[in-house]
Amino acid sequence: MKKLLAAVILLPASLCVFAQTKPKTAAIKPGIPASIARGKVVYTKNCLSCHFVDGGGVPNMNPPLVKTSYVLGDKTKLIKVVLNGFAQNVEIDGETYSNNMAPHNFLSDQEIADVLTYVRNSFGNKASAVKAAEVKVVRAANKK
Amino acid sequence: MKTKLKYFLPVAVVCIALFALKSDINVTPDADNAGLKLPAGFGALKVAETGARARHLIVTAQGDIYVKLARPNKDGKAILVLHENADGKALLIGGFANYGGTGIYIKDGYLYASSNTEVFRYKLDAQNKVIDQDHPEKIITGLKMGREHETKSIVLDNAGNIYVNVGAYSNSCQEHDRQLGSMGIKGCPILDSAGGIWQFKANKPNQTYGEGVRYATGLRNVVGLDWNQQDNQLFVMQHGRDQLHDIFPDMFTVKQSAELPAECMYALKKGDNAGWPYMYYDQIQHKKIMAPEYGGDGKKEAAGNFIDPAAAYPGHLAPNGLLFYTGNMFPEKYKNGAFIAFHGSWNRAPEPQAGYFVVFQPFKNGKPYGDWEVFADNFAGSPQKAESGRADHRPCGLAQGPDGSLYVSDDSKGTIYRIIYKK
C-alpha cells in the first residue's frame, strides 16, 4: 500500500518502475480527472444508495452533497465524516437530516481521496482534489 | 290539515338536513384533476396550498380542516386551521400549537395532536372548534425520540384509549447503525421504550411509559394507522427495514435490496409481536425471514412467535397514511376498505424509486380481500420524477370528509388534495 501511495505522489516517470515491480496492479494515474473517474466507482458502490446519483440526498433523511459547506469546506472535517460516519443533528439550508451515516473506514486512503475528489467536482461542485496522503494523515490522527 | 302538518314538518326537517349535508354540491374537480391520475368517475381538486410540511390531517363535519405540520411555520404555528368554501377551496383561517409533529385525531369532543415526544388534547365546542388554542391538556409526556423515526402517530379506539407509535431509533438494531456487516444487539434493548405501539388513557393527564401499556412490539416504525370499526381493532402500516444489500452485500443483490422487505399491514391485538429487528417479511417468498443481523441469510425462516402481516406491499414505499373508508360517496366496493398513502421510496437506488401514490386495499368482513390497486397516482408529477425520487408532491396523511370525500396531504409542498366521486 505504501508503494501504491508513493506512486501517486511521485511523477509518471516513477510509475514505470512501479509497474515493473507490481505488474498485476493497475497503475493509478495521477491527476484530478483520473481520481474523479475512480471516485465515481467508489461513490456508486458506497454512497449512491443514500445520497443518490445526483448527490441530492433525501429530504429529512440523507443530506445533499450539492454545494454545502461540508462538502466544499474544510477537507479534514470532510475526511472525518467518511472515516467516522455522521450521527449529528445538522441543519443545511433550514433542513434537518435524521438517518445515521455509518463509518466508512473500510475504504482505503486512495478510495476516500477519490470519492471525495469526485463529490467535490460533481453535482455542480467545484473544489480542490483530496489526496490519499491527506486522508492518511487524518486517519492517523483520528486513531489517537 | 293538522295531521298533514305533523307529518310534513319532520319531512321538511329531514329534507333541509339532507340539503345541508349536500352543501358540497358545488364542489367540482380541477380541470386537470389536480394533476392526479384516478379511476374512472373520480375527480380531484387542490383544496389549499399550505406551503408547509403537511403531515396528518382531519376534516370536521363543519368543513374545517386541521393540518398537523412537521415543524411550526414562519408564524410559529404547527396546527393549521382551514375552512372550506362551497366550491371546495379552503382558506387559512387560523393556526395554533408551537410544536411540530405528525399525529392529529378527533374523538368524542376533543382534538388530539402529537409532538415527537408528547401528546396533547384540546376541547372542542359543538362546532368542532378548539375552545382554548393556547392551553391544551398534556396527555402523554416523555416518549422516546431518536434521530430516526421520531414522529408519533395517534389514533383512538371506542373505549377511551389512545394508541401512539414510538418508532425504533435504528434501522435494524445493529451494534453500529447501518454499518457494513455489523450484527444485531442481542435482546434488542430499543424495544423497551420504542419499536412498538403504546396504549394510554385518552383522558388522563401527564402519563408516562409507566402508566401506558406496550400494546404491540416488534414494529420498526409506524406512521399510518387507523382504528377499524368493523373489527373494533387497530391496524398499522410498518415501514420495513432498509439497506439489506448495503449492510450484507454478499447475501443480497442490489435488486433484492430494492424489493425487500415488504411494507406490511398488521392487524394488532394486545401483546402481539411483529418481529422487528429479528425478522422481516419477504413478500416474494411469502415468508417471515430471519434478519441477517441475527443469523439469517435471506432464506432461513424466522424463529419466534411473530405475527403474520394482514397484507404485504413492495419494499420501501413508505406507508405514511392509513384510512378505513366508511363514507357513502364512493362506489360500494370501497366501503370499509383501506386507503394507504405511500410517501414514496428512497432506499431503492440505484434501482428506480417507487410509490408516491395512494393505494386502495379491498376488504371483506374486516380482512384484506383481493389485490391492492393504485387508486391515486402521479403525485410525483411524472413517472421520471417518481423514478428519480425527485417527486413534486409526496402523499402523507389521509382523512375522510363528512360527505365521503377523501383528503390527502402532501408534506413536500404542502398541497391538500380532495378526491371526489362524480358518478
# chains A, B, ... in the order shown; residues from 1 in each chain; ligands from 1
$ interface_residues --of "chain B" --to "chain A" --cutoff "7 Å" --atoms "only C-alpha atoms" --output "list in words"
Arg147, Glu148, Asp177, Arg178, Gln179, Trp346, Asn347, Ala349 and Pro350 of chain B
$ residues_around --residues "Gln174 of chain B" --least-positions-apart "6" --cutoff "9 Å" --atoms "only C-alpha atoms" --output "list in words"
Gly181, Ser182, Met183, Gly184, Ile185, Cys188, Pro277 and Glu293 of chain B
$ write_last_selection --atoms "N, CA and C atoms" --output "PDB file, in the first residue's frame"
ATOM      1  N   GLY B 181     -21.952  -5.004   7.672  1.00  0.00           N
ATOM      2  CA  GLY B 181     -21.661  -6.236   8.399  1.00  0.00           C
ATOM      3  C   GLY B 181     -21.876  -6.205   9.903  1.00  0.00           C
ATOM      4  N   SER B 182     -22.269  -5.094  10.466  1.00  0.00           N
ATOM      5  CA  SER B 182     -22.462  -5.012  11.925  1.00  0.00           C
ATOM      6  C   SER B 182     -23.663  -5.874  12.333  1.00  0.00           C
ATOM      7  N   MET B 183     -23.476  -6.682  13.387  1.00  0.00           N
ATOM      8  CA  MET B 183     -24.533  -7.614  13.785  1.00  0.00           C
ATOM      9  C   MET B 183     -25.510  -6.968  14.759  1.00  0.00           C
ATOM     10  N   GLY B 184     -26.635  -7.654  14.954  1.00  0.00           N
ATOM     11  CA  GLY B 184     -27.692  -7.130  15.813  1.00  0.00           C
ATOM     12  C   GLY B 184     -27.345  -7.262  17.290  1.00  0.00           C
ATOM     13  N   ILE B 185     -27.825  -6.311  18.082  1.00  0.00           N
ATOM     14  CA  ILE B 185     -27.629  -6.380  19.530  1.00  0.00           C
ATOM     15  C   ILE B 185     -28.563  -7.461  20.077  1.00  0.00           C
ATOM     16  N   CYS B 188     -32.494  -6.953  21.623  1.00  0.00           N
ATOM     17  CA  CYS B 188     -32.540  -5.534  21.216  1.00  0.00           C
ATOM     18  C   CYS B 188     -33.149  -4.615  22.295  1.00  0.00           C
ATOM     19  N   PRO B 277     -36.392  -6.457  15.497  1.00  0.00           N
ATOM     20  CA  PRO B 277     -35.482  -6.473  14.335  1.00  0.00           C
ATOM     21  C   PRO B 277     -35.051  -7.883  13.940  1.00  0.00           C
ATOM     22  N   GLU B 293     -28.809  -9.679  10.466  1.00  0.00           N
ATOM     23  CA  GLU B 293     -28.126  -9.221  11.689  1.00  0.00           C
ATOM     24  C   GLU B 293     -28.253 -10.245  12.811  1.00  0.00           C
TER      25      GLU B 293
END
$ residues_around --residues "segment 163-165 of chain B" --least-positions-apart "6" --cutoff "9 Å" --atoms "only C-alpha atoms" --output "list in words"
Gly103, Val119, Thr151, Lys152, Ser153, Ile154, Val155, Leu156, Asp157, Ala194, Gly195, Gly196, Ile197, Trp198, Gln199, Phe200, Lys201, Ala202, Tyr215, Leu219, Asn221, Val222, Val223, Leu225 and Leu234 of chain B
$ select_by_dssp --residues "segment 306-402 of chain B" --states "alpha helix (DSSP H)" --output "ChimeraX atom specification"
/B:383-388
$ residues_around --residues "segment 191-193 of chain B" --least-positions-apart "5" --cutoff "8 Å" --atoms "only C-alpha atoms" --output "list in words"
Leu143, Lys144, Val166, Ala168, Tyr209, Thr217 and Gly218 of chain B
$ closest_atom_pairs --of "segment 240-281 of chain B" --to "segment 300-318 of chain B" --cutoff "9 Å" --atoms "only C-alpha atoms" --output "CSV"
residue,atom,partner,partner_atom,distance
B:Gly240,CA,B:His316,CA,6.7
B:Arg241,CA,B:His316,CA,8.0
B:Asp242,CA,B:His316,CA,7.4
B:Ser257,CA,B:Gly315,CA,8.4
B:Ala258,CA,B:Gly315,CA,6.6
B:Glu259,CA,B:Gly315,CA,4.9
B:Leu260,CA,B:Gly315,CA,4.9
B:Pro261,CA,B:Gly315,CA,5.1
B:Ala262,CA,B:Gly315,CA,4.6
B:Glu263,CA,B:Tyr313,CA,5.1
B:Cys264,CA,B:Ala312,CA,4.6
B:Met265,CA,B:Ala311,CA,5.1
B:Tyr266,CA,B:Pro309,CA,4.8
B:Ala267,CA,B:Ala310,CA,6.0
B:Leu268,CA,B:Ile307,CA,8.8
B:Asp272,CA,B:Ile307,CA,6.8
B:Asn273,CA,B:Phe306,CA,5.3
B:Ala274,CA,B:Phe306,CA,5.2
B:Gly275,CA,B:Phe306,CA,5.3
B:Tyr278,CA,B:Ala302,CA,7.4
B:Met279,CA,B:Ala302,CA,5.8
B:Tyr280,CA,B:Ala302,CA,8.2
B:Tyr281,CA,B:Pro309,CA,8.0
$ atom_distance --atom1 "atom CA of Pro136 of chain B" --atom2 "atom CA of Asn116 of chain B"
16.0 Å
$ select_by_dssp --residues "segment 11-164 of chain B" --states "strand (DSSP E)" --output "mmCIF file with N, CA, C and O atoms, in the first residue's frame"
data_model
loop_
_atom_site.group_PDB
_atom_site.id
_atom_site.type_symbol
_atom_site.label_atom_id
_atom_site.label_comp_id
_atom_site.auth_asym_id
_atom_site.auth_seq_id
_atom_site.Cartn_x
_atom_site.Cartn_y
_atom_site.Cartn_z
ATOM 1 N N PHE B 42 -63.879 9.354 -10.872
ATOM 2 C CA PHE B 42 -63.342 10.158 -9.776
ATOM 3 C C PHE B 42 -62.706 11.446 -10.303
ATOM 4 O O PHE B 42 -62.234 11.495 -11.445
ATOM 5 N N GLY B 43 -62.717 12.455 -9.488
ATOM 6 C CA GLY B 43 -62.051 13.707 -9.810
ATOM 7 C C GLY B 43 -61.344 14.233 -8.575
ATOM 8 O O GLY B 43 -61.593 13.758 -7.454
ATOM 9 N N ALA B 44 -60.450 15.190 -8.782
ATOM 10 C CA ALA B 44 -59.726 15.737 -7.631
ATOM 11 C C ALA B 44 -59.517 17.230 -7.782
ATOM 12 O O ALA B 44 -59.468 17.756 -8.891
ATOM 13 N N LEU B 45 -59.436 17.885 -6.642
ATOM 14 C CA LEU B 45 -59.117 19.310 -6.649
ATOM 15 C C LEU B 45 -58.080 19.602 -5.572
ATOM 16 O O LEU B 45 -57.956 18.855 -4.594
ATOM 17 N N LYS B 46 -57.335 20.668 -5.793
ATOM 18 C CA LYS B 46 -56.435 21.156 -4.764
ATOM 19 C C LYS B 46 -57.250 22.064 -3.859
ATOM 20 O O LYS B 46 -57.740 23.100 -4.290
ATOM 21 N N VAL B 47 -57.403 21.635 -2.610
ATOM 22 C CA VAL B 47 -58.203 22.385 -1.640
ATOM 23 C C VAL B 47 -57.435 23.618 -1.170
ATOM 24 O O VAL B 47 -58.002 24.688 -0.986
ATOM 25 N N ALA B 48 -56.137 23.428 -0.968
ATOM 26 C CA ALA B 48 -55.303 24.529 -0.477
ATOM 27 C C ALA B 48 -53.835 24.221 -0.731
ATOM 28 O O ALA B 48 -53.451 23.055 -0.873
ATOM 29 N N GLU B 49 -53.059 25.282 -0.799
ATOM 30 C CA GLU B 49 -51.596 25.164 -0.854
ATOM 31 C C GLU B 49 -51.082 25.762 0.447
ATOM 32 O O GLU B 49 -51.108 26.980 0.621
ATOM 33 N N ALA B 54 -47.136 19.373 5.535
ATOM 34 C CA ALA B 54 -48.450 18.922 5.989
ATOM 35 C C ALA B 54 -48.413 17.414 6.240
ATOM 36 O O ALA B 54 -48.346 16.631 5.301
ATOM 37 N N ARG B 55 -48.456 17.004 7.493
ATOM 38 C CA ARG B 55 -48.365 15.579 7.836
ATOM 39 C C ARG B 55 -49.771 14.983 7.894
ATOM 40 O O ARG B 55 -50.394 14.854 6.870
ATOM 41 N N HIS B 56 -50.302 14.657 9.065
ATOM 42 C CA HIS B 56 -51.657 14.107 9.101
ATOM 43 C C HIS B 56 -52.678 15.241 9.196
ATOM 44 O O HIS B 56 -52.337 16.373 9.563
ATOM 45 N N LEU B 57 -53.924 14.911 8.837
ATOM 46 C CA LEU B 57 -54.969 15.942 8.830
ATOM 47 C C LEU B 57 -56.305 15.327 9.202
ATOM 48 O O LEU B 57 -56.461 14.102 9.179
ATOM 49 N N ILE B 58 -57.248 16.195 9.556
ATOM 50 C CA ILE B 58 -58.582 15.733 9.934
ATOM 51 C C ILE B 58 -59.582 16.774 9.431
ATOM 52 O O ILE B 58 -59.288 17.968 9.418
ATOM 53 N N VAL B 59 -60.741 16.312 8.984
ATOM 54 C CA VAL B 59 -61.771 17.216 8.452
ATOM 55 C C VAL B 59 -63.016 17.092 9.327
ATOM 56 O O VAL B 59 -63.459 15.982 9.619
ATOM 57 N N ASP B 64 -64.193 22.344 8.481
ATOM 58 C CA ASP B 64 -62.876 22.833 8.907
ATOM 59 C C ASP B 64 -61.855 21.713 8.728
ATOM 60 O O ASP B 64 -62.171 20.538 8.952
ATOM 61 N N ILE B 65 -60.657 22.104 8.332
ATOM 62 C CA ILE B 65 -59.586 21.125 8.164
ATOM 63 C C ILE B 65 -58.468 21.498 9.135
ATOM 64 O O ILE B 65 -57.986 22.628 9.123
ATOM 65 N N TYR B 66 -58.094 20.552 9.999
ATOM 66 C CA TYR B 66 -56.946 20.740 10.885
ATOM 67 C C TYR B 66 -55.771 19.973 10.294
ATOM 68 O O TYR B 66 -55.884 18.774 10.018
ATOM 69 N N VAL B 67 -54.663 20.666 10.086
ATOM 70 C CA VAL B 67 -53.488 20.042 9.474
ATOM 71 C C VAL B 67 -52.317 20.125 10.436
ATOM 72 O O VAL B 67 -51.953 21.210 10.905
ATOM 73 N N LYS B 68 -51.703 18.961 10.741
ATOM 74 C CA LYS B 68 -50.526 18.956 11.625
ATOM 75 C C LYS B 68 -49.274 19.122 10.783
ATOM 76 O O LYS B 68 -49.063 18.394 9.806
ATOM 77 N N LEU B 69 -48.437 20.066 11.179
ATOM 78 C CA LEU B 69 -47.205 20.337 10.447
ATOM 79 C C LEU B 69 -46.000 19.697 11.150
ATOM 80 O O LEU B 69 -45.928 19.692 12.384
ATOM 81 N N ILE B 79 -50.267 23.682 13.933
ATOM 82 C CA ILE B 79 -51.557 23.137 13.500
ATOM 83 C C ILE B 79 -52.253 24.238 12.715
ATOM 84 O O ILE B 79 -52.474 25.337 13.248
ATOM 85 N N LEU B 80 -52.536 23.966 11.462
ATOM 86 C CA LEU B 80 -53.231 24.960 10.639
ATOM 87 C C LEU B 80 -54.734 24.673 10.671
ATOM 88 O O LEU B 80 -55.150 23.517 10.715
ATOM 89 N N VAL B 81 -55.528 25.734 10.654
ATOM 90 C CA VAL B 81 -56.981 25.599 10.552
ATOM 91 C C VAL B 81 -57.413 26.213 9.228
ATOM 92 O O VAL B 81 -57.154 27.391 8.966
ATOM 93 N N LEU B 82 -58.041 25.399 8.405
ATOM 94 C CA LEU B 82 -58.549 25.886 7.124
ATOM 95 C C LEU B 82 -60.059 25.717 7.109
ATOM 96 O O LEU B 82 -60.593 24.809 7.751
ATOM 97 N N HIS B 83 -60.735 26.568 6.380
ATOM 98 C CA HIS B 83 -62.179 26.415 6.234
ATOM 99 C C HIS B 83 -62.542 26.370 4.756
ATOM 100 O O HIS B 83 -62.095 27.188 3.966
ATOM 101 N N GLU B 84 -63.388 25.411 4.428
ATOM 102 C CA GLU B 84 -63.751 25.210 3.026
ATOM 103 C C GLU B 84 -64.898 26.110 2.613
ATOM 104 O O GLU B 84 -65.899 26.223 3.319
ATOM 105 N N ALA B 90 -60.320 25.926 0.133
ATOM 106 C CA ALA B 90 -60.268 26.315 1.544
ATOM 107 C C ALA B 90 -59.334 27.487 1.766
ATOM 108 O O ALA B 90 -58.344 27.663 1.052
ATOM 109 N N LEU B 91 -59.675 28.284 2.773
ATOM 110 C CA LEU B 91 -58.833 29.405 3.166
ATOM 111 C C LEU B 91 -58.240 29.137 4.532
ATOM 112 O O LEU B 91 -58.893 28.526 5.395
ATOM 113 N N LEU B 92 -57.027 29.611 4.732
ATOM 114 C CA LEU B 92 -56.399 29.509 6.043
ATOM 115 C C LEU B 92 -57.095 30.504 6.964
ATOM 116 O O LEU B 92 -57.114 31.706 6.701
ATOM 117 N N ILE B 93 -57.716 29.984 8.038
ATOM 118 C CA ILE B 93 -58.419 30.898 8.946
ATOM 119 C C ILE B 93 -57.755 30.994 10.312
ATOM 120 O O ILE B 93 -58.169 31.789 11.154
ATOM 121 N N GLY B 94 -56.721 30.200 10.534
ATOM 122 C CA GLY B 94 -56.047 30.298 11.823
ATOM 123 C C GLY B 94 -54.968 29.250 11.980
ATOM 124 O O GLY B 94 -54.731 28.440 11.072
ATOM 125 N N GLY B 95 -54.304 29.324 13.125
ATOM 126 C CA GLY B 95 -53.270 28.350 13.434
ATOM 127 C C GLY B 95 -52.923 28.418 14.897
ATOM 128 O O GLY B 95 -53.126 29.446 15.540
ATOM 129 N N PHE B 96 -52.446 27.318 15.439
ATOM 130 C CA PHE B 96 -52.021 27.288 16.837
ATOM 131 C C PHE B 96 -51.038 26.142 17.034
ATOM 132 O O PHE B 96 -50.672 25.478 16.072
ATOM 133 N N ILE B 104 -52.653 13.735 14.416
ATOM 134 C CA ILE B 104 -53.804 14.583 14.742
ATOM 135 C C ILE B 104 -55.058 13.740 14.580
ATOM 136 O O ILE B 104 -55.166 12.936 13.654
ATOM 137 N N TYR B 105 -55.988 13.858 15.529
ATOM 138 C CA TYR B 105 -57.166 12.994 15.506
ATOM 139 C C TYR B 105 -58.272 13.646 16.328
ATOM 140 O O TYR B 105 -57.986 14.345 17.299
ATOM 141 N N ILE B 106 -59.524 13.444 15.909
ATOM 142 C CA ILE B 106 -60.660 13.961 16.680
ATOM 143 C C ILE B 106 -61.481 12.788 17.189
ATOM 144 O O ILE B 106 -61.764 11.842 16.439
ATOM 145 N N LYS B 107 -61.837 12.846 18.482
ATOM 146 C CA LYS B 107 -62.681 11.794 19.060
ATOM 147 C C LYS B 107 -63.422 12.351 20.264
ATOM 148 O O LYS B 107 -62.805 12.987 21.133
ATOM 149 N N TYR B 110 -62.887 16.047 21.477
ATOM 150 C CA TYR B 110 -61.526 16.546 21.685
ATOM 151 C C TYR B 110 -60.703 16.396 20.411
ATOM 152 O O TYR B 110 -60.854 15.415 19.654
ATOM 153 N N LEU B 111 -59.793 17.361 20.209
ATOM 154 C CA LEU B 111 -58.791 17.257 19.157
ATOM 155 C C LEU B 111 -57.491 16.816 19.831
ATOM 156 O O LEU B 111 -57.026 17.456 20.783
ATOM 157 N N TYR B 112 -56.920 15.724 19.363
ATOM 158 C CA TYR B 112 -55.649 15.220 19.888
ATOM 159 C C TYR B 112 -54.548 15.526 18.881
ATOM 160 O O TYR B 112 -54.767 15.411 17.665
ATOM 161 N N ALA B 113 -53.372 15.909 19.363
ATOM 162 C CA ALA B 113 -52.248 16.197 18.460
ATOM 163 C C ALA B 113 -50.943 15.829 19.160
ATOM 164 O O ALA B 113 -50.830 15.928 20.387
ATOM 165 N N SER B 114 -49.962 15.414 18.360
ATOM 166 C CA SER B 114 -48.700 14.969 18.953
ATOM 167 C C SER B 114 -47.527 15.817 18.497
ATOM 168 O O SER B 114 -47.489 16.310 17.372
ATOM 169 N N VAL B 119 -48.151 14.050 23.689
ATOM 170 C CA VAL B 119 -49.474 14.125 23.066
ATOM 171 C C VAL B 119 -50.338 15.084 23.886
ATOM 172 O O VAL B 119 -50.337 15.017 25.121
ATOM 173 N N PHE B 120 -51.033 15.951 23.180
ATOM 174 C CA PHE B 120 -51.884 16.963 23.805
ATOM 175 C C PHE B 120 -53.328 16.767 23.337
ATOM 176 O O PHE B 120 -53.585 16.146 22.320
ATOM 177 N N ARG B 121 -54.280 17.350 24.114
ATOM 178 C CA ARG B 121 -55.647 17.383 23.585
ATOM 179 C C ARG B 121 -56.303 18.725 23.894
ATOM 180 O O ARG B 121 -55.982 19.391 24.895
ATOM 181 N N TYR B 122 -57.207 19.112 23.006
ATOM 182 C CA TYR B 122 -57.909 20.395 23.066
ATOM 183 C C TYR B 122 -59.401 20.117 23.050
ATOM 184 O O TYR B 122 -59.879 19.390 22.177
ATOM 185 N N LYS B 123 -60.137 20.715 23.976
ATOM 186 C CA LYS B 123 -61.595 20.544 23.987
ATOM 187 C C LYS B 123 -62.206 21.291 22.799
ATOM 188 O O LYS B 123 -61.790 22.403 22.476
ATOM 189 N N GLU B 137 -54.469 20.203 27.219
ATOM 190 C CA GLU B 137 -54.088 19.275 28.294
ATOM 191 C C GLU B 137 -52.973 18.383 27.739
ATOM 192 O O GLU B 137 -53.105 17.847 26.630
ATOM 193 N N LYS B 138 -51.922 18.217 28.515
ATOM 194 C CA LYS B 138 -50.866 17.289 28.112
ATOM 195 C C LYS B 138 -51.270 15.900 28.591
ATOM 196 O O LYS B 138 -51.403 15.658 29.779
ATOM 197 N N ILE B 139 -51.499 15.005 27.644
ATOM 198 C CA ILE B 139 -51.986 13.665 27.993
ATOM 199 C C ILE B 139 -50.820 12.702 28.225
ATOM 200 O O ILE B 139 -50.814 11.918 29.172
ATOM 201 N N ILE B 140 -49.851 12.753 27.330
ATOM 202 C CA ILE B 140 -48.708 11.831 27.409
ATOM 203 C C ILE B 140 -47.431 12.643 27.291
ATOM 204 O O ILE B 140 -47.352 13.577 26.480
ATOM 205 N N ILE B 154 -51.031 8.924 16.011
ATOM 206 C CA ILE B 154 -52.013 8.608 17.057
ATOM 207 C C ILE B 154 -53.364 8.207 16.465
ATOM 208 O O ILE B 154 -53.738 8.649 15.377
ATOM 209 N N VAL B 155 -54.083 7.358 17.216
ATOM 210 C CA VAL B 155 -55.469 7.033 16.884
ATOM 211 C C VAL B 155 -56.157 6.604 18.182
ATOM 212 O O VAL B 155 -55.473 6.167 19.119
ATOM 213 N N LEU B 156 -57.480 6.750 18.243
ATOM 214 C CA LEU B 156 -58.228 6.355 19.441
ATOM 215 C C LEU B 156 -59.184 5.212 19.124
ATOM 216 O O LEU B 156 -59.653 5.088 17.984
ATOM 217 N N ASN B 161 -59.275 4.781 24.925
ATOM 218 C CA ASN B 161 -57.821 4.612 24.842
ATOM 219 C C ASN B 161 -57.244 5.299 23.619
ATOM 220 O O ASN B 161 -57.893 5.375 22.576
ATOM 221 N N ILE B 162 -56.004 5.760 23.779
ATOM 222 C CA ILE B 162 -55.271 6.333 22.650
ATOM 223 C C ILE B 162 -54.046 5.462 22.383
ATOM 224 O O ILE B 162 -53.426 4.939 23.317
ATOM 225 N N TYR B 163 -53.733 5.268 21.111
ATOM 226 C CA TYR B 163 -52.598 4.441 20.691
ATOM 227 C C TYR B 163 -51.564 5.346 20.037
ATOM 228 O O TYR B 163 -51.911 6.176 19.189
ATOM 229 N N VAL B 164 -50.306 5.165 20.443
ATOM 230 C CA VAL B 164 -49.227 6.016 19.950
ATOM 231 C C VAL B 164 -48.109 5.140 19.414
ATOM 232 O O VAL B 164 -47.677 4.186 20.095
#
$ residues_around --residues "Pro29 of chain B" --least-positions-apart "4" --cutoff "12 Å" --atoms "only C-alpha atoms" --output "list of chain:residue names"
B:Asp24, B:Ile25, B:Asn33, B:Ala34, B:Gly35, B:Leu36, B:Leu38, B:Gly41, B:Phe42, B:Gly43, B:Ala44, B:Leu45, B:Lys46, B:Val47, B:Asp87, B:Gly88, B:Lys89, B:Ser405, B:Tyr417, B:Arg418, B:Ile419, B:Ile420, B:Tyr421, B:Lys422
$ residues_around --residues "Lys136 of chain A" --least-positions-apart "3" --cutoff "12 Å" --atoms "only C-alpha atoms" --output "ChimeraX atom specification"
/A:1-2,5,76,79-80,83,105,107-113,130-133,139-143
$ residues_around --residues "Arg120 of chain A" --least-positions-apart "3" --cutoff "10 Å" --atoms "only C-alpha atoms" --output "ChimeraX atom specification"
/A:36,65-68,71-73,114-117,123-130
$ write_last_selection --atoms "N, CA, C and O atoms" --output "mmCIF file, in the first residue's frame"
data_model
loop_
_atom_site.group_PDB
_atom_site.id
_atom_site.type_symbol
_atom_site.label_atom_id
_atom_site.label_comp_id
_atom_site.auth_asym_id
_atom_site.auth_seq_id
_atom_site.Cartn_x
_atom_site.Cartn_y
_atom_site.Cartn_z
ATOM 1 N N ILE A 36 -11.334 11.474 -10.234
ATOM 2 C CA ILE A 36 -12.791 11.629 -10.311
ATOM 3 C C ILE A 36 -13.429 10.366 -10.884
ATOM 4 O O ILE A 36 -14.435 9.877 -10.381
ATOM 5 N N LEU A 65 -25.302 16.608 -1.107
ATOM 6 C CA LEU A 65 -23.861 16.874 -1.243
ATOM 7 C C LEU A 65 -23.639 17.983 -2.262
ATOM 8 O O LEU A 65 -22.592 18.096 -2.874
ATOM 9 N N VAL A 66 -24.668 18.781 -2.471
ATOM 10 C CA VAL A 66 -24.639 19.804 -3.514
ATOM 11 C C VAL A 66 -24.320 21.165 -2.889
ATOM 12 O O VAL A 66 -25.140 21.724 -2.164
ATOM 13 N N LYS A 67 -23.126 21.649 -3.171
ATOM 14 C CA LYS A 67 -22.723 22.998 -2.762
ATOM 15 C C LYS A 67 -22.960 23.273 -1.271
ATOM 16 O O LYS A 67 -23.381 24.367 -0.885
ATOM 17 N N THR A 68 -22.724 22.273 -0.423
ATOM 18 C CA THR A 68 -22.832 22.509 1.016
ATOM 19 C C THR A 68 -21.452 22.828 1.572
ATOM 20 O O THR A 68 -20.433 22.428 1.003
ATOM 21 N N VAL A 71 -19.188 19.821 2.159
ATOM 22 C CA VAL A 71 -18.513 19.225 1.004
ATOM 23 C C VAL A 71 -17.411 20.142 0.478
ATOM 24 O O VAL A 71 -16.305 19.687 0.171
ATOM 25 N N LEU A 72 -17.715 21.428 0.402
ATOM 26 C CA LEU A 72 -16.765 22.359 -0.223
ATOM 27 C C LEU A 72 -15.736 22.908 0.763
ATOM 28 O O LEU A 72 -14.708 23.427 0.355
ATOM 29 N N GLY A 73 -16.016 22.798 2.054
ATOM 30 C CA GLY A 73 -15.161 23.427 3.061
ATOM 31 C C GLY A 73 -13.976 22.574 3.492
ATOM 32 O O GLY A 73 -13.374 21.871 2.678
ATOM 33 N N ASP A 114 -10.340 9.548 -3.665
ATOM 34 C CA ASP A 114 -11.006 9.552 -4.972
ATOM 35 C C ASP A 114 -12.486 9.920 -4.837
ATOM 36 O O ASP A 114 -12.996 10.740 -5.594
ATOM 37 N N VAL A 115 -13.155 9.326 -3.861
ATOM 38 C CA VAL A 115 -14.593 9.575 -3.777
ATOM 39 C C VAL A 115 -14.860 11.027 -3.363
ATOM 40 O O VAL A 115 -15.801 11.660 -3.849
ATOM 41 N N LEU A 116 -14.006 11.568 -2.504
ATOM 42 C CA LEU A 116 -14.207 12.963 -2.104
ATOM 43 C C LEU A 116 -13.840 13.921 -3.235
ATOM 44 O O LEU A 116 -14.488 14.957 -3.412
ATOM 45 N N THR A 117 -12.833 13.561 -3.999
ATOM 46 C CA THR A 117 -12.497 14.380 -5.169
ATOM 47 C C THR A 117 -13.651 14.356 -6.171
ATOM 48 O O THR A 117 -14.021 15.386 -6.747
ATOM 49 N N PHE A 123 -22.034 17.236 -9.245
ATOM 50 C CA PHE A 123 -23.312 17.807 -8.740
ATOM 51 C C PHE A 123 -23.261 19.344 -8.705
ATOM 52 O O PHE A 123 -23.930 19.976 -7.886
ATOM 53 N N GLY A 124 -22.460 19.943 -9.571
ATOM 54 C CA GLY A 124 -22.342 21.402 -9.558
ATOM 55 C C GLY A 124 -21.256 21.907 -8.620
ATOM 56 O O GLY A 124 -21.037 23.118 -8.506
ATOM 57 N N ASN A 125 -20.583 20.997 -7.920
ATOM 58 C CA ASN A 125 -19.498 21.413 -7.014
ATOM 59 C C ASN A 125 -18.205 21.643 -7.798
ATOM 60 O O ASN A 125 -17.945 21.012 -8.818
ATOM 61 N N LYS A 126 -17.390 22.547 -7.282
ATOM 62 C CA LYS A 126 -16.061 22.763 -7.870
ATOM 63 C C LYS A 126 -15.121 23.097 -6.710
ATOM 64 O O LYS A 126 -15.219 24.166 -6.093
ATOM 65 N N ALA A 127 -14.265 22.148 -6.382
ATOM 66 C CA ALA A 127 -13.322 22.364 -5.277
ATOM 67 C C ALA A 127 -12.083 21.514 -5.510
ATOM 68 O O ALA A 127 -12.076 20.616 -6.362
ATOM 69 N N SER A 128 -11.045 21.800 -4.736
ATOM 70 C CA SER A 128 -9.766 21.126 -4.940
ATOM 71 C C SER A 128 -9.879 19.633 -4.655
ATOM 72 O O SER A 128 -10.770 19.182 -3.941
ATOM 73 N N ALA A 129 -8.943 18.887 -5.218
ATOM 74 C CA ALA A 129 -8.915 17.434 -5.033
ATOM 75 C C ALA A 129 -8.508 17.097 -3.597
ATOM 76 O O ALA A 129 -7.854 17.888 -2.916
ATOM 77 N N VAL A 130 -8.907 15.906 -3.162
ATOM 78 C CA VAL A 130 -8.417 15.363 -1.893
ATOM 79 C C VAL A 130 -7.397 14.289 -2.251
ATOM 80 O O VAL A 130 -7.644 13.451 -3.126
#
